[in-house]
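J.: Before I ask anything, let me first share the structure, which is written out below as structure tokens.
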Amino acid sequence: MPDARDVTPYDALLLLSFGGPEGPDDVVPFLENVTRGRGIPKERLKEVGQHYFLFGGVSPINDQNRALLDALRKDFADHGLDLPVYWGNRNWAPYLTDTLREMVRDGRRRILVLATSAYASYSGCRQYRENLADALAALQSEGLELPEVDKLRHYFNHPGFLEPMIDGVLRSLAELDEDVRDGAHLAFSTHSIPTASADTSGPVEDHGDGGAYVRQHLDAAKLIADAVRERTGVDHPWQLVYQSRSGAPHIPWLEPDICDHLEERHAAGVRAVVIAPIGFVSDHMEVLYDLDTEAKAKAEELGLPMRRSATVGADPRFAAAIRELVAERAAAERGQEVTPCALGALGASHDLCPVGCCPARAPRPAAAGADSTYA
């Protein structure tokens with residue numbers, strides 16, 4: 001590993017996340033931000049917002065980002081890394097444009113971006129890059145000097161991302177009664193996306209059936225399942241499943257849905273299930289509602305013992321992984337030879353998103369990639 005204390009040429013890290021409402025009055029405006037340009041009526045947004053209202057109109061994602069900020073700052077300080085960490089959201093305060101403006105006024109000129117999405121897809125990578133371009137365009141219109149912005153590579157197969165999830169699955173298995181534990185099925189869950197979007201995820205050479213999005217999730221799931229087998233001596237059957245579908249019913253999305261999967265596993269005689277939400281960095285609303293509410297209710301209806309393992313959240317090992325990724329990218333930018341840290345069959349992801357990677361339906365400017373409108 002390169003010297004983790006030397007992060008030149010970078011002078012700041014930006015934690016870039018989705019954002020979420022922090023009270024009942026925020027829910028509909030937040031959903032309007034998320035769906036802007038799609039022509040969805042306010043009454044429909046109120047219906048969708050019922051998931052949030054069940055939890056007092058508060059998404060846990062912002063508090064979890066605050067915890068991750070604290071973990072990153074502590075890890076950086078403990079390891080002598082002098083790099084300020086900022087936080088901006090795509091869809092709610094603190095807004096990305098406001099945070100970038102603050103960074104520019106603080107004199108930051110070379111910024112690394114950590115997106116709270118570990119995998120390649122339009123919504124998990126390219127859309128973040130488009131939002132960065134929009135924010136930079138806004139600052140340019142204000143006459144501000146634009147910083148150079150780079151994005152950290154996908155970290156789905158970094159040990160600091162995987163180890164906390166392995167431990168979460170082991171803890172969940174230990175919570176099951178002994179008579180069903182060894183036969184428990186592992187359901188690795190992630191966000192469903194349209195199959196057309198999945199098929200074009202990742203670089204052009206990765207496009208095809210499921211694209212990089214499915215292959216990366218399968219790689220992470222296999223790594224976790226293999227580690228569980230090595231540490232328990234039990235080979236648990238597993239499958240990649242999906243949740244949180246939201247779209248017109250005639251458009252194909254990735255399947256099987258987690259609740260359908262629970263029904264199918266129960267019918268096949270499975271006696272217990274552990275759900276591992278590997279597609280999510282933290283326990284935000286889609287984890288709390290789709291898994292802890294809907295999937296839990298389905299398992300109870302079936303009489304199927306179920307446990308849901310933890311996401312990575314602010315685990316110190318994840319914070320350490322981000323520090324390692326920062327040092328790795330900084331060394332590469334300085335022209336040093338770097339051996340990226342990655343497990344599994346796919347190896348380390350690219351540093352710079354190539355042309356044609358995770359394309360949008362309609363071309364839009366994007367930052368931090370080979371096709372960037374802005375550096």
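FYI, nothing fancy with the structure tokens labels: chains A, B, ... in order, residues from 1 per chain, ligands from 1 as they appear.
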I'd like the contact shell of Pro24 of chain A - 6 Å cut-off, only C-alpha atoms, skipping same-chain residues fewer than 2 positions apart - returned as a PyMOL selection string.
T.: chain A and resi 26-27+57
J.: List the neighbours of segment 318-324 of chain A out to 10 Å using only C-alpha atoms; skip same-chain residues closer than 4 positions along the sequence, and give me the result as number ranges by chain.
T.: A: 1-5, 7, 68-76, 79, 81, 83, 114, 152, 155, 158-164, 281, 312-314, 328-330, 340-341
J.: With only C-alpha atoms as the counted atoms, please give the residues lying no more than 9 Å from Ala360 of chain A, apart from itself and same-chain residues fewer than 3 positions off, as a PyMOL selection string.
T.: chain A and resi 122+126-127+197+363-364
J.: Skipping near chain neighbours, those fewer than 6 positions away, what residues fall within 7 Å of segment 371-375 of chain A using only C-alpha atoms, listed as a list of chain:residue names?
T.: A:Ala133, A:Glu148, A:Val149, A:Pro354, A:Val355, A:Pro365
J.: Residues within 12 Å of Thr116 of chain A, please, as an NGL selection string. Count only C-alpha atoms; anything in the same chain fewer than 2 positions from it doesn't count.
T.: :A and (14-19 or 61-62 or 64-65 or 68-69 or 87-90 or 113-114 or 118-120 or 123-125 or 128 or 151-156 or 161 or 279-284 or 312-314 or 318 or 322)
J.: Can those selected residues be exported to a file as a PDB file, in the first residue's frame so that it contains C-alpha atoms?
T.:
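Output contents, as saved in result_39.pdb:
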ATOM      1  CA  LEU A  14     -16.656  14.612  -0.499  1.00  0.00           C
ATOM      2  CA  LEU A  15     -19.142  12.067   0.848  1.00  0.00           C
ATOM      3  CA  LEU A  16     -21.886  12.091  -1.779  1.00  0.00           C
ATOM      4  CA  SER A  17     -25.161  10.407  -0.872  1.00  0.00           C
ATOM      5  CA  PHE A  18     -28.818  10.179  -1.851  1.00  0.00           C
ATOM      6  CA  GLY A  19     -30.340  12.158   1.006  1.00  0.00           C
ATOM      7  CA  ILE A  61     -29.910   7.798   5.928  1.00  0.00           C
ATOM      8  CA  ASN A  62     -28.846  11.277   7.029  1.00  0.00           C
ATOM      9  CA  GLN A  64     -26.117   7.251   9.172  1.00  0.00           C
ATOM     10  CA  ASN A  65     -24.134   9.551   6.909  1.00  0.00           C
ATOM     11  CA  LEU A  68     -19.950   7.650   8.647  1.00  0.00           C
ATOM     12  CA  LEU A  69     -18.515  11.172   8.534  1.00  0.00           C
ATOM     13  CA  TRP A  87     -20.882  15.862   2.905  1.00  0.00           C
ATOM     14  CA  GLY A  88     -23.411  16.623   0.169  1.00  0.00           C
ATOM     15  CA  ASN A  89     -26.652  14.945  -0.981  1.00  0.00           C
ATOM     16  CA  ARG A  90     -28.319  14.581  -4.346  1.00  0.00           C
ATOM     17  CA  VAL A 113     -15.735  11.851  -4.195  1.00  0.00           C
ATOM     18  CA  LEU A 114     -16.994   8.851  -2.214  1.00  0.00           C
ATOM     19  CA  ALA A 118     -20.614   0.225  -4.113  1.00  0.00           C
ATOM     20  CA  TYR A 119     -21.640  -1.120  -7.534  1.00  0.00           C
ATOM     21  CA  ALA A 120     -21.784  -0.068 -11.180  1.00  0.00           C
ATOM     22  CA  SER A 123     -28.447   5.109 -10.688  1.00  0.00           C
ATOM     23  CA  GLY A 124     -25.502   3.981  -8.567  1.00  0.00           C
ATOM     24  CA  CYS A 125     -22.709   5.747 -10.458  1.00  0.00           C
ATOM     25  CA  TYR A 128     -24.053  10.714  -9.269  1.00  0.00           C
ATOM     26  CA  LYS A 151     -14.614   9.705  -7.992  1.00  0.00           C
ATOM     27  CA  LEU A 152     -13.329   6.737  -5.990  1.00  0.00           C
ATOM     28  CA  ARG A 153     -13.657   3.369  -7.707  1.00  0.00           C
ATOM     29  CA  HIS A 154     -16.370   0.840  -6.899  1.00  0.00           C
ATOM     30  CA  TYR A 155     -15.578  -0.909  -3.630  1.00  0.00           C
ATOM     31  CA  PHE A 156     -17.973  -3.900  -3.692  1.00  0.00           C
ATOM     32  CA  PHE A 161     -16.633  -3.535   2.757  1.00  0.00           C
ATOM     33  CA  GLY A 279     -26.540  -3.783  -2.170  1.00  0.00           C
ATOM     34  CA  PHE A 280     -26.831  -1.078   0.495  1.00  0.00           C
ATOM     35  CA  VAL A 281     -24.155   0.765   2.430  1.00  0.00           C
ATOM     36  CA  SER A 282     -26.462   1.625   5.341  1.00  0.00           C
ATOM     37  CA  ASP A 283     -29.818   0.690   6.874  1.00  0.00           C
ATOM     38  CA  HIS A 284     -31.798   3.397   5.075  1.00  0.00           C
ATOM     39  CA  VAL A 312     -21.746  -1.873   6.632  1.00  0.00           C
ATOM     40  CA  GLY A 313     -22.814   1.533   7.965  1.00  0.00           C
ATOM     41  CA  ALA A 314     -20.050   3.313   9.877  1.00  0.00           C
ATOM     42  CA  PHE A 318     -15.228   0.416   6.141  1.00  0.00           C
ATOM     43  CA  ILE A 322     -12.037   4.353   2.324  1.00  0.00           C
TER      44      ILE A 322
END
J.: Do you have the atom CA of Gln243 of chain A-atom CA of Ala362 of chain A distance handy?
T.: 25.5 Å
